[in-house]
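Notes follow the structure.
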Amino acid sequence: MEINRIEVISAVVSEMIATLPEERRQKAYIHLFGTAQTAGLIALRRGVNAELAQISGLLHDYRKYLTGVDEKHAEESADAVMPILAKTGLFSVCEIGNITRAIANHSDKENVGLPLDEVLKDADILQHVLQNTTLPIRDKYEKRFEKLKKEQGIKLKRGIDFEKRKERKEREEGRSE
């Protein structure tokens with residue numbers, strides 16, 4: 001029987017989540033597993049390796065949830081999961097490099113990276129949106145989200161759409177000068 005690498009990494013992530021304080025457990029589980037599923041879908045649509053995308057999604061905030069610290073969590077998560085991936089003996093050096101690079105770059109949503117990196121960045125944003133569709137999206141992610149909505153055929157209106165929000169912000173800035 002072939003070993004399912006997604007299931008192996010899912011078990012690793014579930015074990016880590018089980019060690020968290022109760023107040024972080026549910027959020028970690030929803031976000032990590034939700035990002036993995038979303039990454040798989042986006043990867044399939046773009047012709048990117050969906051298995052590596054899902055594994056990247058499962059692990060992308062590993063260190064953030066483990067420590068509760070957001071600062072530099074992308075790079076620290078990549079560093080933390082590299083030995084975990086290697087220890088399984090299920091991944092090539094190239095695959096580990098691709099997964100950890102995507103994880104290290106996932107917070108840099110303003111710049112375009114390699115296809116797996118982009119899948120993870122977009123899955124991260126989309127999972128946050130899907131977790132609560134009524135909350136506003138961070139301004140710095142709005143352009144990426146608008147592009148993602150078009151690509152994925154998403155019709156979600158989040159209160160005030162991007163252009164109207166931009167116009168309102170410009171009007172408000174004009175009044176304050």
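Every chain in the structure tokens has a letter given in the order shown (A, B, ...), and although residue numbers restart at 1 in each chain, ligands are simply numbered from 1 in the order shown.
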Contacts of stretch 83-87 of chain A at 10 Å or less, counting only C-alpha atoms, minus same-chain residues fewer than 2 places along, as a PDB file with C-alpha atoms, in the first residue's frame?
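Contents of around_5.pdb, as written:
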```
ATOM      1  CA  ARG A   5       1.906  12.005   2.204  1.00  0.00           C
ATOM      2  CA  VAL A   8       1.145  11.802   7.121  1.00  0.00           C
ATOM      3  CA  ILE A   9       1.580  15.581   7.295  1.00  0.00           C
ATOM      4  CA  VAL A  12       1.879  15.788  12.203  1.00  0.00           C
ATOM      5  CA  ILE A  55       1.152  20.069   2.210  1.00  0.00           C
ATOM      6  CA  LEU A  59       2.421  23.671   7.272  1.00  0.00           C
ATOM      7  CA  ALA A  78       9.758  27.116   6.785  1.00  0.00           C
ATOM      8  CA  ASP A  79      12.784  26.510   9.016  1.00  0.00           C
ATOM      9  CA  ALA A  80      10.717  24.535  11.534  1.00  0.00           C
ATOM     10  CA  VAL A  81       9.088  22.196   9.007  1.00  0.00           C
ATOM     11  CA  GLY A  89      11.701  10.165   4.401  1.00  0.00           C
ATOM     12  CA  LEU A  90       8.797  10.723   1.986  1.00  0.00           C
ATOM     13  CA  PHE A  91      10.016  13.849   0.201  1.00  0.00           C
ATOM     14  CA  SER A  92      12.896  14.530  -2.148  1.00  0.00           C
ATOM     15  CA  VAL A  93      15.317  17.361  -1.402  1.00  0.00           C
ATOM     16  CA  GLU A  95      10.216  18.819  -2.924  1.00  0.00           C
ATOM     17  CA  ILE A  96      11.311  19.947   0.533  1.00  0.00           C
ATOM     18  CA  ILE A  99       7.473  23.416   0.012  1.00  0.00           C
ATOM     19  CA  THR A 100       9.676  25.426   2.372  1.00  0.00           C
TER      20      THR A 100
END
```
Give me the residues within 12 Å of stretch 68-76 of chain A as a PyMOL selection string, counting only C-alpha atoms and dropping any in the same chain fewer than 2 places off. chain A and resi 17+20-21+23-25+27-28+56-57+59-66+78-82+99-109+117+120-121+124
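Nearest-residue note for A:Thr35: choosing from A:Asp139, A:Asp122, A:Glu173, A:Glu146, the minimum distance belongs to A:Asp122, counting only C-alpha atoms.
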Selection: 8 Å around A:Val119, only C-alpha atoms, excl. self and same-chain fewer than 5 positions, as an NGL selection string: :A and (39 or 42-43 or 53)
May I have the residues from that selection written out with N, CA and C atoms, as a CSV table (one decimal), in the first residue's frame?
```
chain,number,residue,atom,x,y,z
A,39,ALA,N,-5.7,25.5,-1.1
A,39,ALA,CA,-4.5,25.4,-2.0
A,39,ALA,C,-4.6,24.2,-3.0
A,42,ILE,N,-7.0,25.5,-5.8
A,42,ILE,CA,-6.3,26.5,-6.7
A,42,ILE,C,-5.3,25.8,-7.5
A,43,ALA,N,-4.5,24.9,-6.9
A,43,ALA,CA,-3.4,24.2,-7.7
A,43,ALA,C,-4.0,23.4,-8.8
A,53,ALA,N,1.0,21.6,-2.9
A,53,ALA,CA,0.2,22.7,-2.5
A,53,ALA,C,-0.5,22.5,-1.2
```
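Comparing A:Phe33, A:Leu156, A:Leu114, A:Phe145 by their smallest distance to A:Thr133, the closest is A:Leu156 (using only C-alpha atoms).
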List every residue of stretch 90-142 of chain A that DSSP, applied to the backbone of this structure, places in helix (DSSP H, G or I), and write the result as a PDB file with N, CA and C atoms, in the first residue's frame.
```pdb
ATOM      1  N   VAL A  93      14.712  16.090  -1.792  1.00  0.00           N
ATOM      2  CA  VAL A  93      15.317  17.361  -1.402  1.00  0.00           C
ATOM      3  C   VAL A  93      14.670  18.501  -2.185  1.00  0.00           C
ATOM      4  N   CYS A  94      14.404  18.271  -3.461  1.00  0.00           N
ATOM      5  CA  CYS A  94      13.763  19.276  -4.310  1.00  0.00           C
ATOM      6  C   CYS A  94      12.351  19.599  -3.796  1.00  0.00           C
ATOM      7  N   GLU A  95      11.572  18.589  -3.442  1.00  0.00           N
ATOM      8  CA  GLU A  95      10.216  18.819  -2.924  1.00  0.00           C
ATOM      9  C   GLU A  95      10.250  19.589  -1.609  1.00  0.00           C
ATOM     10  N   ILE A  96      11.180  19.226  -0.740  1.00  0.00           N
ATOM     11  CA  ILE A  96      11.311  19.947   0.533  1.00  0.00           C
ATOM     12  C   ILE A  96      11.659  21.404   0.264  1.00  0.00           C
ATOM     13  N   GLY A  97      12.552  21.630  -0.678  1.00  0.00           N
ATOM     14  CA  GLY A  97      12.909  23.003  -1.049  1.00  0.00           C
ATOM     15  C   GLY A  97      11.725  23.787  -1.593  1.00  0.00           C
ATOM     16  N   ASN A  98      10.927  23.152  -2.443  1.00  0.00           N
ATOM     17  CA  ASN A  98       9.756  23.830  -3.014  1.00  0.00           C
ATOM     18  C   ASN A  98       8.720  24.157  -1.946  1.00  0.00           C
ATOM     19  N   ILE A  99       8.457  23.208  -1.065  1.00  0.00           N
ATOM     20  CA  ILE A  99       7.473  23.416   0.012  1.00  0.00           C
ATOM     21  C   ILE A  99       7.944  24.521   0.954  1.00  0.00           C
ATOM     22  N   THR A 100       9.185  24.441   1.400  1.00  0.00           N
ATOM     23  CA  THR A 100       9.676  25.426   2.372  1.00  0.00           C
ATOM     24  C   THR A 100       9.851  26.810   1.747  1.00  0.00           C
ATOM     25  N   ARG A 101      10.179  26.863   0.459  1.00  0.00           N
ATOM     26  CA  ARG A 101      10.262  28.164  -0.220  1.00  0.00           C
ATOM     27  C   ARG A 101       8.881  28.813  -0.269  1.00  0.00           C
ATOM     28  N   ALA A 102       7.857  28.025  -0.630  1.00  0.00           N
ATOM     29  CA  ALA A 102       6.492  28.561  -0.678  1.00  0.00           C
ATOM     30  C   ALA A 102       6.065  29.057   0.705  1.00  0.00           C
ATOM     31  N   ILE A 103       6.383  28.296   1.732  1.00  0.00           N
ATOM     32  CA  ILE A 103       6.041  28.692   3.098  1.00  0.00           C
ATOM     33  C   ILE A 103       6.779  29.972   3.495  1.00  0.00           C
ATOM     34  N   ALA A 104       8.071  30.026   3.215  1.00  0.00           N
ATOM     35  CA  ALA A 104       8.874  31.205   3.573  1.00  0.00           C
ATOM     36  C   ALA A 104       8.381  32.464   2.871  1.00  0.00           C
ATOM     37  N   ASN A 105       7.838  32.310   1.655  1.00  0.00           N
ATOM     38  CA  ASN A 105       7.405  33.464   0.862  1.00  0.00           C
ATOM     39  C   ASN A 105       5.922  33.804   0.998  1.00  0.00           C
ATOM     40  N   PRO A 115       5.073  29.402  -9.143  1.00  0.00           N
ATOM     41  CA  PRO A 115       3.670  28.957  -9.103  1.00  0.00           C
ATOM     42  C   PRO A 115       3.207  28.380  -7.764  1.00  0.00           C
ATOM     43  N   LEU A 116       3.992  27.531  -7.114  1.00  0.00           N
ATOM     44  CA  LEU A 116       3.572  26.981  -5.828  1.00  0.00           C
ATOM     45  C   LEU A 116       3.477  28.075  -4.771  1.00  0.00           C
ATOM     46  N   ASP A 117       4.406  29.022  -4.806  1.00  0.00           N
ATOM     47  CA  ASP A 117       4.367  30.157  -3.872  1.00  0.00           C
ATOM     48  C   ASP A 117       3.053  30.928  -4.032  1.00  0.00           C
ATOM     49  N   GLU A 118       2.689  31.180  -5.290  1.00  0.00           N
ATOM     50  CA  GLU A 118       1.484  31.960  -5.584  1.00  0.00           C
ATOM     51  C   GLU A 118       0.216  31.222  -5.170  1.00  0.00           C
ATOM     52  N   VAL A 119       0.203  29.918  -5.364  1.00  0.00           N
ATOM     53  CA  VAL A 119      -0.948  29.120  -4.922  1.00  0.00           C
ATOM     54  C   VAL A 119      -1.121  29.271  -3.413  1.00  0.00           C
ATOM     55  N   LEU A 120      -0.031  29.158  -2.665  1.00  0.00           N
ATOM     56  CA  LEU A 120      -0.122  29.247  -1.209  1.00  0.00           C
ATOM     57  C   LEU A 120      -0.547  30.647  -0.763  1.00  0.00           C
ATOM     58  N   LYS A 121       0.009  31.684  -1.362  1.00  0.00           N
ATOM     59  CA  LYS A 121      -0.380  33.054  -1.005  1.00  0.00           C
ATOM     60  C   LYS A 121      -1.882  33.252  -1.226  1.00  0.00           C
ATOM     61  N   ASP A 122      -2.357  32.818  -2.390  1.00  0.00           N
ATOM     62  CA  ASP A 122      -3.771  33.004  -2.711  1.00  0.00           C
ATOM     63  C   ASP A 122      -4.671  32.138  -1.835  1.00  0.00           C
ATOM     64  N   ALA A 123      -4.236  30.925  -1.543  1.00  0.00           N
ATOM     65  CA  ALA A 123      -5.025  30.049  -0.666  1.00  0.00           C
ATOM     66  C   ALA A 123      -5.126  30.636   0.737  1.00  0.00           C
ATOM     67  N   ASP A 124      -4.058  31.224   1.214  1.00  0.00           N
ATOM     68  CA  ASP A 124      -4.043  31.846   2.539  1.00  0.00           C
ATOM     69  C   ASP A 124      -5.067  32.982   2.598  1.00  0.00           C
ATOM     70  N   ILE A 125      -5.048  33.843   1.596  1.00  0.00           N
ATOM     71  CA  ILE A 125      -6.007  34.952   1.551  1.00  0.00           C
ATOM     72  C   ILE A 125      -7.434  34.421   1.441  1.00  0.00           C
ATOM     73  N   LEU A 126      -7.644  33.498   0.512  1.00  0.00           N
ATOM     74  CA  LEU A 126      -8.994  32.988   0.280  1.00  0.00           C
ATOM     75  C   LEU A 126      -9.539  32.266   1.510  1.00  0.00           C
ATOM     76  N   GLN A 127      -8.702  31.548   2.222  1.00  0.00           N
ATOM     77  CA  GLN A 127      -9.166  30.866   3.435  1.00  0.00           C
ATOM     78  C   GLN A 127      -9.597  31.879   4.484  1.00  0.00           C
ATOM     79  N   HIS A 128      -8.842  32.952   4.640  1.00  0.00           N
ATOM     80  CA  HIS A 128      -9.239  33.991   5.598  1.00  0.00           C
ATOM     81  C   HIS A 128     -10.592  34.585   5.210  1.00  0.00           C
ATOM     82  N   VAL A 129     -10.797  34.809   3.919  1.00  0.00           N
ATOM     83  CA  VAL A 129     -12.065  35.357   3.440  1.00  0.00           C
ATOM     84  C   VAL A 129     -13.202  34.374   3.711  1.00  0.00           C
ATOM     85  N   LEU A 130     -12.995  33.120   3.357  1.00  0.00           N
ATOM     86  CA  LEU A 130     -14.043  32.115   3.506  1.00  0.00           C
ATOM     87  C   LEU A 130     -14.367  31.811   4.964  1.00  0.00           C
ATOM     88  N   GLN A 131     -13.411  32.039   5.838  1.00  0.00           N
ATOM     89  CA  GLN A 131     -13.650  31.796   7.261  1.00  0.00           C
ATOM     90  C   GLN A 131     -14.726  32.728   7.799  1.00  0.00           C
ATOM     91  N   ASP A 139      -6.226  45.973   3.422  1.00  0.00           N
ATOM     92  CA  ASP A 139      -6.010  46.811   2.240  1.00  0.00           C
ATOM     93  C   ASP A 139      -4.889  46.278   1.353  1.00  0.00           C
ATOM     94  N   LYS A 140      -3.795  45.851   1.969  1.00  0.00           N
ATOM     95  CA  LYS A 140      -2.639  45.421   1.170  1.00  0.00           C
ATOM     96  C   LYS A 140      -2.903  44.119   0.399  1.00  0.00           C
ATOM     97  N   TYR A 141      -3.973  43.410   0.720  1.00  0.00           N
ATOM     98  CA  TYR A 141      -4.295  42.167   0.012  1.00  0.00           C
ATOM     99  C   TYR A 141      -5.457  42.323  -0.965  1.00  0.00           C
ATOM    100  N   GLU A 142      -6.037  43.519  -1.011  1.00  0.00           N
ATOM    101  CA  GLU A 142      -7.261  43.709  -1.777  1.00  0.00           C
ATOM    102  C   GLU A 142      -7.077  43.468  -3.275  1.00  0.00           C
TER     103      GLU A 142
END
```
Nearest candidate to A:Glu15 (options A:Tyr29, A:Ile3, A:Gly47, A:Leu135; using only C-alpha atoms): A:Tyr29
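Note that atom CA of A:Asn4 and atom CA of A:Ala50 are 13.1 Å apart.
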So how far away is atom CA of A:Leu58 from atom CA of A:Ala36, in Å? 5.1 Å
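Nearest-residue note for A:Arg46: choosing from A:Leu148, A:Ile30, A:Ile6, A:Val13, the minimum distance belongs to A:Leu148, counting only C-alpha atoms.
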Min atom-atom distance to A:Gln152 from the set A:Glu2, A:Thr19, A:Ala11, A:Leu41, counting only C-alpha atoms, belongs to A:Leu41
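The two atoms in question, atom CA of A:Leu52 and atom CA of A:Val112, are spaced 18.5 Å apart.
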